[in-house]
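What follows is the content of start-v6.cif, which has mmCIF, C-alpha atoms:
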```
data_start
loop_
_atom_site.label_atom_id
_atom_site.label_comp_id
_atom_site.auth_asym_id
_atom_site.auth_seq_id
_atom_site.Cartn_x
_atom_site.Cartn_y
_atom_site.Cartn_z
CA MET A 1 0.00 0.00 0.00
CA THR A 2 1.14 3.54 -0.62
CA THR A 3 1.74 6.26 1.97
CA THR A 4 -0.45 8.76 0.15
CA SER A 5 -4.14 9.37 0.68
CA HIS A 6 -6.26 6.43 -0.49
CA ASN A 7 -9.46 4.60 0.34
CA VAL A 8 -8.97 1.67 2.70
CA LEU A 9 -11.03 -1.38 1.78
CA PRO A 10 -12.50 -3.52 4.59
CA GLU A 11 -10.12 -6.44 4.00
CA GLU A 12 -7.16 -4.08 3.92
CA LEU A 13 -8.25 -2.54 7.22
CA GLU A 14 -8.16 -5.97 8.86
CA ASP A 15 -4.53 -6.31 7.80
CA LEU A 16 -3.67 -2.88 9.20
CA VAL A 17 -5.35 -3.57 12.54
CA ALA A 18 -3.54 -6.91 12.80
CA LEU A 19 -0.19 -5.08 12.86
CA PHE A 20 -1.07 -3.63 16.28
CA ASP A 21 -0.36 -5.86 19.29
CA VAL A 22 -3.18 -5.38 21.81
CA ARG A 23 -1.83 -5.34 25.35
CA GLY A 24 -5.02 -5.03 27.34
CA THR A 25 -5.21 -3.13 30.61
CA ASP A 26 -5.23 -5.08 33.87
CA GLU A 27 -7.50 -2.42 35.39
CA PRO A 28 -10.45 -1.86 33.04
CA THR A 29 -12.95 0.80 34.04
CA PRO A 30 -15.91 -0.85 35.84
CA ASP A 31 -18.99 -1.06 33.62
CA ALA A 32 -21.08 1.13 35.92
CA GLU A 33 -18.41 3.85 35.99
CA ARG A 34 -18.05 3.77 32.22
CA GLU A 35 -21.80 3.95 31.68
CA GLU A 36 -21.98 6.95 34.01
CA ALA A 37 -19.28 8.70 31.98
CA LEU A 38 -21.09 7.92 28.72
CA ALA A 39 -24.41 9.18 30.04
CA SER A 40 -23.20 12.80 30.04
CA PRO A 41 -19.80 12.96 28.33
CA ARG A 42 -17.83 16.22 28.50
CA PHE A 43 -15.28 17.23 25.91
CA GLY A 44 -11.77 16.01 26.63
CA THR A 45 -12.13 15.23 30.34
CA VAL A 46 -12.66 11.44 30.42
CA PHE A 47 -10.53 8.98 28.44
CA THR A 48 -10.88 5.36 27.40
CA ASP A 49 -8.91 2.47 28.88
CA HIS A 50 -6.30 2.22 26.13
CA MET A 51 -4.15 4.20 23.71
CA ALA A 52 -2.53 3.24 20.42
CA ARG A 53 1.21 3.77 20.15
CA VAL A 54 4.08 3.46 17.68
CA SER A 55 7.72 4.35 18.37
CA TRP A 56 10.29 5.74 15.94
CA ARG A 57 14.06 5.55 16.07
CA GLN A 58 16.26 7.21 13.51
CA GLU A 59 18.22 4.01 12.96
CA ASP A 60 15.18 1.67 12.83
CA GLY A 61 12.20 3.70 11.58
CA TRP A 62 8.69 2.98 12.95
CA LEU A 63 8.45 -0.05 15.25
CA ASP A 64 6.50 -1.68 18.09
CA ARG A 65 2.94 -1.00 16.94
CA ARG A 66 0.68 -1.64 19.90
CA VAL A 67 -2.47 -0.77 21.82
CA GLU A 68 -1.65 -0.47 25.50
CA LYS A 69 -3.09 0.70 28.79
CA TYR A 70 -3.93 4.40 28.92
CA GLY A 71 -1.65 6.07 31.43
CA PRO A 72 0.95 8.74 32.20
CA LEU A 73 4.02 9.11 30.03
CA GLN A 74 7.41 9.02 31.71
CA LEU A 75 9.55 11.82 30.28
CA ASP A 76 13.10 12.83 31.06
CA PRO A 77 13.37 16.54 32.01
CA ALA A 78 15.55 16.96 28.91
CA THR A 79 12.92 15.49 26.54
CA ALA A 80 13.19 17.57 23.38
CA VAL A 81 9.47 18.38 23.02
CA LEU A 82 9.49 20.17 26.39
CA HIS A 83 12.14 22.59 25.16
CA TYR A 84 11.63 22.99 21.42
CA ALA A 85 7.93 22.16 20.92
CA GLN A 86 8.58 19.61 18.17
CA GLU A 87 5.09 18.05 18.11
CA ILE A 88 1.92 17.79 16.02
CA PHE A 89 -1.61 16.46 16.48
CA GLU A 90 -4.93 15.75 14.78
CA GLY A 91 -8.59 15.77 15.81
CA MET A 92 -11.19 13.28 14.58
CA LYS A 93 -14.35 11.54 15.73
CA ALA A 94 -15.77 8.01 15.64
CA TYR A 95 -19.56 7.87 15.20
CA LYS A 96 -21.91 5.06 16.17
CA HIS A 97 -24.62 4.48 13.55
CA ALA A 98 -28.11 3.17 14.19
CA ASP A 99 -27.10 -0.43 13.39
CA GLY A 100 -24.30 -0.35 16.00
CA SER A 101 -21.45 -0.03 13.50
CA VAL A 102 -18.77 2.60 14.14
CA TRP A 103 -17.44 4.94 11.46
CA THR A 104 -15.07 7.86 11.07
CA PHE A 105 -15.03 10.79 8.65
CA ARG A 106 -12.40 11.27 5.93
CA PRO A 107 -9.47 9.74 7.88
CA GLU A 108 -7.25 9.78 4.79
CA SER A 109 -7.47 13.58 4.78
CA ASN A 110 -6.43 13.75 8.43
CA ALA A 111 -3.60 11.30 7.75
CA ALA A 112 -2.35 13.38 4.83
CA ARG A 113 -2.45 16.58 6.89
CA PHE A 114 -0.66 14.79 9.73
CA ALA A 115 2.14 13.92 7.31
CA ARG A 116 2.32 17.52 6.05
CA SER A 117 2.48 18.80 9.62
CA ALA A 118 5.22 16.29 10.40
CA HIS A 119 7.27 17.53 7.46
CA ARG A 120 6.97 21.16 8.60
CA LEU A 121 8.03 20.27 12.16
CA ALA A 122 10.91 18.06 10.95
CA LEU A 123 9.24 14.92 12.32
CA PRO A 124 9.09 11.54 10.55
CA ALA A 125 5.97 10.97 8.47
CA LEU A 126 3.63 8.27 9.74
CA THR A 127 2.14 6.30 6.86
CA VAL A 128 -1.54 6.54 6.10
CA ASP A 129 -1.74 2.80 6.81
CA ASP A 130 -0.32 3.15 10.33
CA PHE A 131 -2.46 6.22 11.02
CA ILE A 132 -5.72 4.50 10.06
CA GLY A 133 -4.63 1.17 11.53
CA SER A 134 -3.93 2.81 14.88
CA ILE A 135 -7.33 4.50 15.21
CA ALA A 136 -9.17 1.36 14.08
CA ALA A 137 -7.22 -0.82 16.53
CA LEU A 138 -7.92 1.59 19.39
CA VAL A 139 -11.62 1.97 18.59
CA ARG A 140 -12.06 -1.81 18.38
CA THR A 141 -10.26 -2.32 21.68
CA ASP A 142 -12.37 0.33 23.43
CA LEU A 143 -15.58 -0.22 21.46
CA ALA A 144 -17.68 -0.08 24.63
CA TRP A 145 -16.57 3.53 25.06
CA VAL A 146 -18.23 4.78 21.85
CA PRO A 147 -21.35 6.68 23.01
CA ASP A 148 -24.65 6.38 21.17
CA GLY A 149 -26.47 9.42 22.54
CA GLU A 150 -27.79 12.21 20.33
CA ASP A 151 -24.85 13.90 18.59
CA SER A 152 -22.37 12.06 20.81
CA SER A 153 -19.15 10.54 19.50
CA LEU A 154 -15.73 9.24 20.47
CA TYR A 155 -13.21 12.03 19.96
CA LEU A 156 -9.87 10.75 18.66
CA ARG A 157 -6.62 12.61 19.27
CA PRO A 158 -3.61 11.27 17.30
CA PHE A 159 -0.38 13.09 18.20
CA MET A 160 3.38 12.83 17.75
CA PHE A 161 6.22 14.34 19.75
CA ALA A 162 10.01 14.42 19.97
CA SER A 163 10.85 12.02 22.82
CA GLU A 164 14.65 12.08 22.67
CA SER A 165 16.44 13.37 25.79
CA PHE A 166 18.75 15.93 24.26
CA LEU A 167 19.12 19.71 24.50
CA GLY A 168 20.65 20.37 21.10
CA VAL A 169 18.56 22.31 18.59
CA ARG A 170 18.08 19.73 15.83
CA PRO A 171 15.36 17.26 14.75
CA ALA A 172 14.95 14.55 17.36
CA ALA A 173 16.30 11.07 16.71
CA GLN A 174 13.53 9.47 18.81
CA VAL A 175 9.80 10.12 18.39
CA GLU A 176 6.58 8.71 19.84
CA TYR A 177 3.20 8.57 18.09
CA LEU A 178 0.06 7.99 20.17
CA CYS A 179 -3.69 8.10 19.73
CA ILE A 180 -5.99 8.60 22.71
CA ALA A 181 -9.79 8.74 22.80
CA SER A 182 -12.42 10.61 24.78
CA PRO A 183 -16.21 10.13 24.67
CA VAL A 184 -17.88 13.48 23.99
CA GLY A 185 -21.41 14.78 23.82
CA PRO A 186 -22.87 17.59 21.73
CA TYR A 187 -20.53 20.58 21.63
CA PHE A 188 -23.52 22.81 22.36
CA ALA A 189 -25.26 21.26 25.36
CA GLY A 190 -28.23 23.61 25.11
CA GLY A 191 -28.50 23.55 21.33
CA VAL A 192 -26.56 25.44 18.68
CA LYS A 193 -26.13 29.06 19.75
CA PRO A 194 -24.40 31.92 17.92
CA VAL A 195 -20.99 32.90 19.26
CA SER A 196 -19.43 36.34 19.45
CA ILE A 197 -16.08 36.94 17.76
CA TRP A 198 -13.40 39.48 18.68
CA VAL A 199 -11.08 40.41 15.81
CA SER A 200 -7.54 40.71 17.17
CA GLN A 201 -5.58 43.53 15.61
CA ASP A 202 -2.58 43.40 17.96
CA TYR A 203 -1.69 39.69 17.78
CA HIS A 204 -1.25 37.18 14.96
CA ARG A 205 -1.60 33.42 14.96
CA ALA A 206 1.04 32.79 12.27
CA GLY A 207 2.94 34.52 9.49
CA PRO A 208 4.23 33.75 5.98
CA GLY A 209 6.64 30.83 6.01
CA GLY A 210 5.65 29.90 9.57
CA THR A 211 3.69 26.94 10.90
CA GLY A 212 0.18 28.28 10.27
CA ASP A 213 -0.81 25.42 7.95
CA ALA A 214 0.59 22.76 10.31
CA LYS A 215 -1.50 21.43 13.18
CA CYS A 216 0.96 21.98 15.99
CA GLY A 217 0.55 23.12 19.57
CA GLY A 218 2.54 26.32 19.13
CA ASN A 219 -0.18 27.80 16.93
CA TYR A 220 -2.75 27.19 19.65
CA ALA A 221 -0.48 28.52 22.40
CA ALA A 222 -0.13 31.73 20.35
CA SER A 223 -3.93 32.10 20.35
CA LEU A 224 -4.44 31.88 24.12
CA LEU A 225 -3.55 35.45 25.08
CA PRO A 226 -5.68 36.95 22.27
CA GLN A 227 -8.46 34.57 23.34
CA THR A 228 -8.24 36.04 26.83
CA GLU A 229 -8.43 39.50 25.28
CA ALA A 230 -11.57 38.44 23.43
CA GLN A 231 -13.20 37.28 26.65
CA GLN A 232 -12.25 40.53 28.37
CA ASN A 233 -14.17 42.29 25.60
CA GLY A 234 -17.23 40.12 26.10
CA CYS A 235 -16.60 37.74 23.18
CA ASP A 236 -16.44 33.96 23.00
CA GLN A 237 -13.72 33.49 20.38
CA VAL A 238 -10.91 35.37 18.65
CA CYS A 239 -10.39 35.84 14.91
CA PHE A 240 -6.94 36.59 13.51
CA LEU A 241 -5.91 38.81 10.62
CA ASP A 242 -2.98 38.23 8.27
CA ALA A 243 0.43 39.13 9.69
CA THR A 244 1.59 40.99 6.57
CA THR A 245 -1.06 43.69 6.16
CA ASN A 246 -3.19 43.19 9.29
CA SER A 247 -6.28 43.63 7.13
CA TYR A 248 -7.50 40.23 5.83
CA LEU A 249 -9.46 37.59 7.77
CA GLU A 250 -7.54 34.36 8.34
CA GLU A 251 -9.03 32.00 10.93
CA LEU A 252 -10.18 31.65 14.51
CA GLY A 253 -7.96 30.16 17.20
CA GLY A 254 -9.07 26.68 16.20
CA MET A 255 -11.64 27.01 13.40
CA ASN A 256 -11.93 28.20 9.81
CA ILE A 257 -14.40 30.98 8.96
CA PHE A 258 -17.03 31.50 6.23
CA VAL A 259 -18.98 34.61 5.13
CA VAL A 260 -22.33 34.36 3.29
CA MET A 261 -23.34 37.36 1.15
CA ASP A 262 -26.82 38.58 0.30
CA ASP A 263 -26.41 37.33 -3.29
CA GLY A 264 -26.04 33.76 -1.96
CA THR A 265 -22.31 33.44 -2.59
CA VAL A 266 -20.21 31.79 0.09
CA HIS A 267 -16.74 33.19 0.79
CA THR A 268 -13.84 31.85 2.86
CA PRO A 269 -10.22 32.97 3.21
CA GLU A 270 -7.96 31.34 0.62
CA LEU A 271 -5.20 29.06 1.84
CA THR A 272 -2.06 31.14 1.93
CA GLY A 273 0.24 28.91 3.98
CA SER A 274 -0.64 30.56 7.28
CA ILE A 275 -4.16 29.07 7.51
CA LEU A 276 -4.88 25.48 8.55
CA GLU A 277 -6.51 23.48 5.77
CA GLY A 278 -9.47 22.16 7.73
CA VAL A 279 -11.08 18.85 6.78
CA THR A 280 -14.47 20.25 7.79
CA ARG A 281 -13.71 23.38 5.73
CA SER A 282 -13.03 21.41 2.55
CA SER A 283 -16.13 19.26 3.13
CA ILE A 284 -18.34 22.34 3.47
CA LEU A 285 -16.92 23.79 0.26
CA ARG A 286 -18.00 20.61 -1.53
CA LEU A 287 -21.47 20.49 0.02
CA VAL A 288 -22.19 24.15 -0.70
CA ALA A 289 -21.09 23.73 -4.31
CA ASP A 290 -23.31 20.63 -4.60
CA HIS A 291 -26.32 22.85 -4.00
CA GLY A 292 -25.36 25.20 -6.81
CA ARG A 293 -24.07 28.05 -4.72
CA GLU A 294 -21.01 29.93 -5.87
CA VAL A 295 -18.05 29.30 -3.57
CA VAL A 296 -15.25 31.87 -3.48
CA GLU A 297 -11.88 31.30 -1.84
CA ARG A 298 -10.12 34.66 -1.65
CA LYS A 299 -8.50 37.23 0.60
CA ILE A 300 -11.37 38.78 2.55
CA PRO A 301 -10.71 42.31 3.86
CA LEU A 302 -11.98 42.94 7.39
CA GLU A 303 -13.08 46.38 6.23
CA GLU A 304 -15.36 44.78 3.62
CA VAL A 305 -16.98 42.46 6.17
CA VAL A 306 -17.55 45.28 8.67
CA ALA A 307 -19.16 47.42 5.94
CA GLY A 308 -21.25 44.44 4.82
CA LEU A 309 -22.57 43.90 8.33
CA ALA A 310 -23.48 47.58 8.51
CA ASP A 311 -25.37 47.67 5.21
CA GLY A 312 -26.79 44.13 5.34
CA SER A 313 -24.88 42.68 2.41
CA VAL A 314 -23.24 40.14 4.77
CA ARG A 315 -26.07 37.78 5.70
CA GLU A 316 -24.34 35.05 7.68
CA ILE A 317 -20.97 34.24 9.23
CA PHE A 318 -20.05 30.83 10.57
CA ALA A 319 -16.97 28.97 11.76
CA CYS A 320 -16.20 25.28 11.36
CA GLY A 321 -14.00 22.57 12.84
CA THR A 322 -14.08 18.96 14.02
CA ALA A 323 -15.25 19.62 17.58
CA ALA A 324 -18.20 21.96 16.96
CA VAL A 325 -18.71 21.03 13.28
CA VAL A 326 -20.42 24.31 12.28
CA THR A 327 -20.75 27.27 14.65
CA PRO A 328 -22.96 30.27 13.80
CA VAL A 329 -21.47 33.70 14.48
CA GLY A 330 -23.93 36.22 15.88
CA ARG A 331 -21.62 39.15 16.57
CA LEU A 332 -18.35 40.48 15.20
CA ALA A 333 -16.47 43.07 17.23
CA GLY A 334 -13.10 44.80 17.35
CA GLY A 335 -11.42 47.92 18.64
CA THR A 336 -13.43 50.27 16.40
CA PHE A 337 -16.58 48.30 15.52
CA ASP A 338 -19.23 46.05 17.03
CA HIS A 339 -21.89 44.55 14.76
CA THR A 340 -24.62 41.96 15.10
CA VAL A 341 -24.66 39.52 12.19
CA ALA A 342 -28.09 39.93 10.53
CA ASP A 343 -30.63 39.33 13.33
CA GLY A 344 -28.10 37.61 15.60
CA GLU A 345 -29.67 34.18 15.13
CA PRO A 346 -28.16 31.14 13.35
CA GLY A 347 -28.39 31.63 9.58
CA GLU A 348 -30.39 29.41 7.26
CA LEU A 349 -27.40 28.19 5.24
CA THR A 350 -25.30 27.77 8.40
CA MET A 351 -27.83 25.39 9.92
CA ALA A 352 -28.52 23.59 6.64
CA VAL A 353 -24.81 22.86 6.16
CA ARG A 354 -24.46 21.72 9.75
CA THR A 355 -27.45 19.39 9.47
CA GLU A 356 -26.31 17.89 6.18
CA LEU A 357 -22.77 17.28 7.41
CA THR A 358 -23.79 15.70 10.72
CA ASP A 359 -26.43 13.57 8.99
CA ILE A 360 -23.68 12.13 6.77
CA GLN A 361 -21.39 11.51 9.73
CA TYR A 362 -24.06 9.71 11.76
CA GLY A 363 -25.35 7.67 8.83
CA ARG A 364 -28.67 9.48 8.58
CA ALA A 365 -28.02 10.71 5.03
CA GLN A 366 -26.45 9.28 1.90
CA ASP A 367 -22.68 9.52 1.85
CA ARG A 368 -22.54 10.49 -1.82
CA HIS A 369 -18.87 11.53 -1.70
CA GLY A 370 -17.64 8.35 -0.02
CA TRP A 371 -16.27 10.21 3.01
CA MET A 372 -17.13 7.70 5.74
CA ARG A 373 -14.87 4.77 6.72
CA ARG A 374 -16.11 1.90 8.86
CA LEU A 375 -13.86 1.11 11.83
CA ALA A 376 -15.87 -1.58 13.63
#
```
Structure encoded using structure tokens:
Amino acid sequence: MTTTSHNVLPEELEDLVALFDVRGTDEPTPDAEREEALASPRFGTVFTDHMARVSWRQEDGWLDRRVEKYGPLQLDPATAVLHYAQEIFEGMKAYKHADGSVWTFRPESNAARFARSAHRLALPALTVDDFIGSIAALVRTDLAWVPDGEDSSLYLRPFMFASESFLGVRPAAQVEYLCIASPVGPYFAGGVKPVSIWVSQDYHRAGPGGTGDAKCGGNYAASLLPQTEAQQNGCDQVCFLDATTNSYLEELGGMNIFVVMDDGTVHTPELTGSILEGVTRSSILRLVADHGREVVERKIPLEEVVAGLADGSVREIFACGTAAVVTPVGRLAGGTFDHTVADGEPGELTMAVRTELTDIQYGRAQDRHGWMRRLA
């Protein structure tokens, strides 16, 4: 099999899963405790009994594929990732369908982005086969942890870090890849509600030639102070502008952004190398185009959006990402402006896109693009 993006057939998946040695925990979570956790799962606070893991050594390559007991990692104080932030991660979900089968959404795209992120951070590329094999092996081992409540899922977090104990500034010669899992409920416990966005004009998430299009922790760390600034100004999230001109929309701290105009066209910032290429983003572009709407990827001036909110030509704004899927934006504010988006309620297209995408993920609608992959 190749290491590029491809569709994994069921019989091929069995072969990939078989490469992972399952070393079951000797302390499984009691059934009653697990069921209590699944009854009202909270994002990223409870984890399953196991984790998938593969080690890498410069002289040997990838080795020791296994699923082992979830637990603390023992790191030397000189472990390279603690000093030079050489690490990457992904975010995915496993969905239980009505017949009890478990599926995930476009894993080849996540695997390909994981490899691109690895290249940018000077980490070894994990093959698509090992990436998909690891999540399937983990999900099958912890199948009882996949929730089946309304809009619930098993959140998957593959990640890779430099594990070598060495304080020299160079790519690490030892690396660990892991995948952990957390049962999660609906991102919006009380239903989908519009969020307020603060446009940061003093801080930037990434710049040209930086790591903006890699999914690495440093990008998220850079967003935390501006996020605090947003909250101090009464907003839920922060939106960043480009670092070169400080005038074009880029993305939120962890989500891509879309603008819907009164002529029905849908606009989103073009990928310039400083914006993460979201899997949800690319899926929405396809779905919107399927319905005959014009989709425009371009540089979007903040000034244009602010004027459009004032005169009504901007009808909807929404953000998207794996965790929340699609998030309506009800307010856009900054140092010199503060506008409600239309009537402040979730837009018609925003909710239609969200419904269509989640219906595909949960098996309630036809998967006409072949995006879903069965794991168990």
Exercise. Go through the shown structure with the PyMOL selection byres ((chain A and resi 134) around 9) and write out the matching residues as a PyMOL selection string.
Key: chain A and resi 16-17+19-20+51-54+65-67+129-133+135-139+158+178-179
Exercise. Go through the shown structure with the PyMOL selection byres ((chain A and resi 100) around 12) and write out the matching residues as a PyMOL selection string.
Key: chain A and resi 94-99+101-103+143-144+146-149+362-363+374-376
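What separates atom CA of Val199 of chain A from atom CA of Ala342 of chain A is a distance of 17.8 Å.
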Practice problem: For each of A:Gly330, A:Gly347, A:Gly209, A:Gly218, take the minimum atom-to-atom distance to Asp262 of chain A, counting only C-alpha atoms, then give the residue where this is smallest. | Solution: A:Gly347
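This file gives the following result for the PyMOL selection byres ((chain A and resi 251) around 8): Cys239, Phe240, Leu241, Leu249, Glu250, Leu252, Gly253, Gly254, Met255, Asn256, Ile257, Pro269 and Ile275 of chain A.
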Selection from above, C-alpha atoms, as a short mmCIF file (atom, residue, chain, number, x, y, z; two decimals), in the frame of the given file, can you write it?
```cif
data_model
loop_
_atom_site.label_atom_id
_atom_site.label_comp_id
_atom_site.auth_asym_id
_atom_site.auth_seq_id
_atom_site.Cartn_x
_atom_site.Cartn_y
_atom_site.Cartn_z
CA CYS A 239 -10.39 35.84 14.91
CA PHE A 240 -6.94 36.59 13.51
CA LEU A 241 -5.91 38.81 10.62
CA LEU A 249 -9.46 37.59 7.77
CA GLU A 250 -7.54 34.36 8.34
CA LEU A 252 -10.18 31.65 14.51
CA GLY A 253 -7.96 30.16 17.20
CA GLY A 254 -9.07 26.68 16.20
CA MET A 255 -11.64 27.01 13.40
CA ASN A 256 -11.93 28.20 9.81
CA ILE A 257 -14.40 30.98 8.96
CA PRO A 269 -10.22 32.97 3.21
CA ILE A 275 -4.16 29.07 7.51
#
```
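Between atom CA of Phe114 of chain A and atom CA of Ser165 of chain A there is a distance of 23.5 Å.
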Please check which residues have atoms at most 8 Å from (1.0, 15.5, 14.0) in the file's coordinates, counting only C-alpha atoms, and write them as a short mmCIF file (atom, residue, chain, number, x, y, z; two decimals) with C-alpha atoms, in the frame of the given file.
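out26.cif written:
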```
data_model
loop_
_atom_site.label_atom_id
_atom_site.label_comp_id
_atom_site.auth_asym_id
_atom_site.auth_seq_id
_atom_site.Cartn_x
_atom_site.Cartn_y
_atom_site.Cartn_z
CA GLU A 87 5.09 18.05 18.11
CA ILE A 88 1.92 17.79 16.02
CA PHE A 89 -1.61 16.46 16.48
CA GLU A 90 -4.93 15.75 14.78
CA ARG A 113 -2.45 16.58 6.89
CA PHE A 114 -0.66 14.79 9.73
CA ALA A 115 2.14 13.92 7.31
CA SER A 117 2.48 18.80 9.62
CA ALA A 118 5.22 16.29 10.40
CA PRO A 158 -3.61 11.27 17.30
CA PHE A 159 -0.38 13.09 18.20
CA MET A 160 3.38 12.83 17.75
CA PHE A 161 6.22 14.34 19.75
CA LYS A 215 -1.50 21.43 13.18
CA CYS A 216 0.96 21.98 15.99
#
```
Quick one: residues within 12 Å of Ser109 of chain A, all atoms listed in the file, excluding same-chain residues fewer than 4 positions away - as an mmCIF file with C-alpha atoms, keeping the file's coordinate frame?
```
data_model
loop_
_atom_site.group_PDB
_atom_site.id
_atom_site.type_symbol
_atom_site.label_atom_id
_atom_site.label_comp_id
_atom_site.auth_asym_id
_atom_site.auth_seq_id
_atom_site.Cartn_x
_atom_site.Cartn_y
_atom_site.Cartn_z
ATOM 1 C CA THR A 4 -0.450 8.760 0.150
ATOM 2 C CA SER A 5 -4.140 9.370 0.680
ATOM 3 C CA HIS A 6 -6.260 6.430 -0.490
ATOM 4 C CA ASN A 7 -9.460 4.600 0.340
ATOM 5 C CA GLU A 90 -4.930 15.750 14.780
ATOM 6 C CA GLY A 91 -8.590 15.770 15.810
ATOM 7 C CA MET A 92 -11.190 13.280 14.580
ATOM 8 C CA THR A 104 -15.070 7.860 11.070
ATOM 9 C CA PHE A 105 -15.030 10.790 8.650
ATOM 10 C CA ARG A 113 -2.450 16.580 6.890
ATOM 11 C CA PHE A 114 -0.660 14.790 9.730
ATOM 12 C CA ALA A 115 2.140 13.920 7.310
ATOM 13 C CA ARG A 116 2.320 17.520 6.050
ATOM 14 C CA VAL A 128 -1.540 6.540 6.100
ATOM 15 C CA PHE A 131 -2.460 6.220 11.020
ATOM 16 C CA ILE A 132 -5.720 4.500 10.060
ATOM 17 C CA GLU A 277 -6.510 23.480 5.770
ATOM 18 C CA GLY A 278 -9.470 22.160 7.730
ATOM 19 C CA VAL A 279 -11.080 18.850 6.780
ATOM 20 C CA THR A 280 -14.470 20.250 7.790
ATOM 21 C CA ARG A 281 -13.710 23.380 5.730
ATOM 22 C CA SER A 282 -13.030 21.410 2.550
ATOM 23 C CA SER A 283 -16.130 19.260 3.130
ATOM 24 C CA TRP A 371 -16.270 10.210 3.010
ATOM 25 C CA MET A 372 -17.130 7.700 5.740
ATOM 26 C CA ARG A 373 -14.870 4.770 6.720
#
```
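Rounded to one decimal, atom CA of Ile317 of chain A and atom CA of Glu348 of chain A lie 10.8 Å from each other.
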Self-check item: Expected answer as a PyMOL selection string: all residues with atoms within 6 Å of (10.5, 10.9, 17.8), all atoms listed in the file
Solution: chain A and resi 56+161-163+172-176
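Distances to Leu126 of chain A were evaluated for A:Leu63, A:Ala18, A:Leu73, A:Ala85 using only C-alpha atoms, and the minimum falls at A:Leu63.
Candidate residues A:Gly61, A:Pro301, A:Gly191, A:Pro124 were compared for distance to Thr327 of chain A, and the nearest is A:Gly191, using all atoms listed in the file.
Nearest to Ala125 of chain A of all the residues A:Trp62, A:Tyr220, A:Phe43, A:Tyr248 is A:Trp62, counting all atoms listed in the file.
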Quiz prompt | Among listed residues A:Gly264, A:Arg42, A:Leu123, A:Leu154, nearest Phe188 of chain A (using only C-alpha atoms) | solution = A:Arg42
Quiz item: Could you pull the residues within 10 Å of segment 222-236 of chain A, counting all atoms listed in the file, minus those fewer than 3 positions along the same chain, as a VMD selection string?
Solution: chain A and resid 194 to 206 217 to 219 239 to 240 252 to 254 329 331 to 335
Exercise. With a distance cut-off of 9 Å and all atoms listed in the file, select the neighbouring residues of Pro208 of chain A, excluding the residue or stretch itself and same-chain residues fewer than 6 positions from it, and output the selection as a PyMOL selection string.
Key: chain A and resi 242-244+272-274
Could segment 52-64 of chain A be completed with N, CA and C atoms and returned as a PDB file, in the coordinates of the input?
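Output saved as selection10.pdb:
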```pdb
ATOM      1  N   ALA A  52      -3.370   3.851  21.458  1.00  0.00           N
ATOM      2  CA  ALA A  52      -2.530   3.240  20.420  1.00  0.00           C
ATOM      3  C   ALA A  52      -1.177   3.945  20.431  1.00  0.00           C
ATOM      4  N   ARG A  53      -0.128   3.184  20.064  1.00  0.00           N
ATOM      5  CA  ARG A  53       1.210   3.770  20.150  1.00  0.00           C
ATOM      6  C   ARG A  53       2.159   3.127  19.150  1.00  0.00           C
ATOM      7  N   VAL A  54       3.014   3.941  18.558  1.00  0.00           N
ATOM      8  CA  VAL A  54       4.080   3.460  17.680  1.00  0.00           C
ATOM      9  C   VAL A  54       5.324   4.293  17.979  1.00  0.00           C
ATOM     10  N   SER A  55       6.470   3.648  18.073  1.00  0.00           N
ATOM     11  CA  SER A  55       7.720   4.350  18.370  1.00  0.00           C
ATOM     12  C   SER A  55       8.552   4.494  17.094  1.00  0.00           C
ATOM     13  N   TRP A  56       9.397   5.503  17.084  1.00  0.00           N
ATOM     14  CA  TRP A  56      10.290   5.740  15.940  1.00  0.00           C
ATOM     15  C   TRP A  56      11.703   5.996  16.427  1.00  0.00           C
ATOM     16  N   ARG A  57      12.647   5.325  15.800  1.00  0.00           N
ATOM     17  CA  ARG A  57      14.060   5.550  16.070  1.00  0.00           C
ATOM     18  C   ARG A  57      14.737   5.837  14.751  1.00  0.00           C
ATOM     19  N   GLN A  58      15.611   6.799  14.743  1.00  0.00           N
ATOM     20  CA  GLN A  58      16.260   7.210  13.510  1.00  0.00           C
ATOM     21  C   GLN A  58      16.922   6.042  12.794  1.00  0.00           C
ATOM     22  N   GLU A  59      17.499   5.126  13.560  1.00  0.00           N
ATOM     23  CA  GLU A  59      18.220   4.010  12.960  1.00  0.00           C
ATOM     24  C   GLU A  59      17.304   2.862  12.544  1.00  0.00           C
ATOM     25  N   ASP A  60      16.071   2.821  13.080  1.00  0.00           N
ATOM     26  CA  ASP A  60      15.180   1.670  12.830  1.00  0.00           C
ATOM     27  C   ASP A  60      13.890   2.043  12.111  1.00  0.00           C
ATOM     28  N   GLY A  61      13.492   3.309  12.126  1.00  0.00           N
ATOM     29  CA  GLY A  61      12.200   3.700  11.580  1.00  0.00           C
ATOM     30  C   GLY A  61      11.086   3.410  12.584  1.00  0.00           C
ATOM     31  N   TRP A  62       9.859   3.240  12.089  1.00  0.00           N
ATOM     32  CA  TRP A  62       8.690   2.980  12.950  1.00  0.00           C
ATOM     33  C   TRP A  62       8.692   1.531  13.410  1.00  0.00           C
ATOM     34  N   LEU A  63       8.420   1.307  14.699  1.00  0.00           N
ATOM     35  CA  LEU A  63       8.450  -0.050  15.250  1.00  0.00           C
ATOM     36  C   LEU A  63       7.540  -0.136  16.476  1.00  0.00           C
ATOM     37  N   ASP A  64       7.281  -1.362  16.886  1.00  0.00           N
ATOM     38  CA  ASP A  64       6.500  -1.680  18.090  1.00  0.00           C
ATOM     39  C   ASP A  64       5.110  -1.065  18.041  1.00  0.00           C
TER      40      ASP A  64
END
```
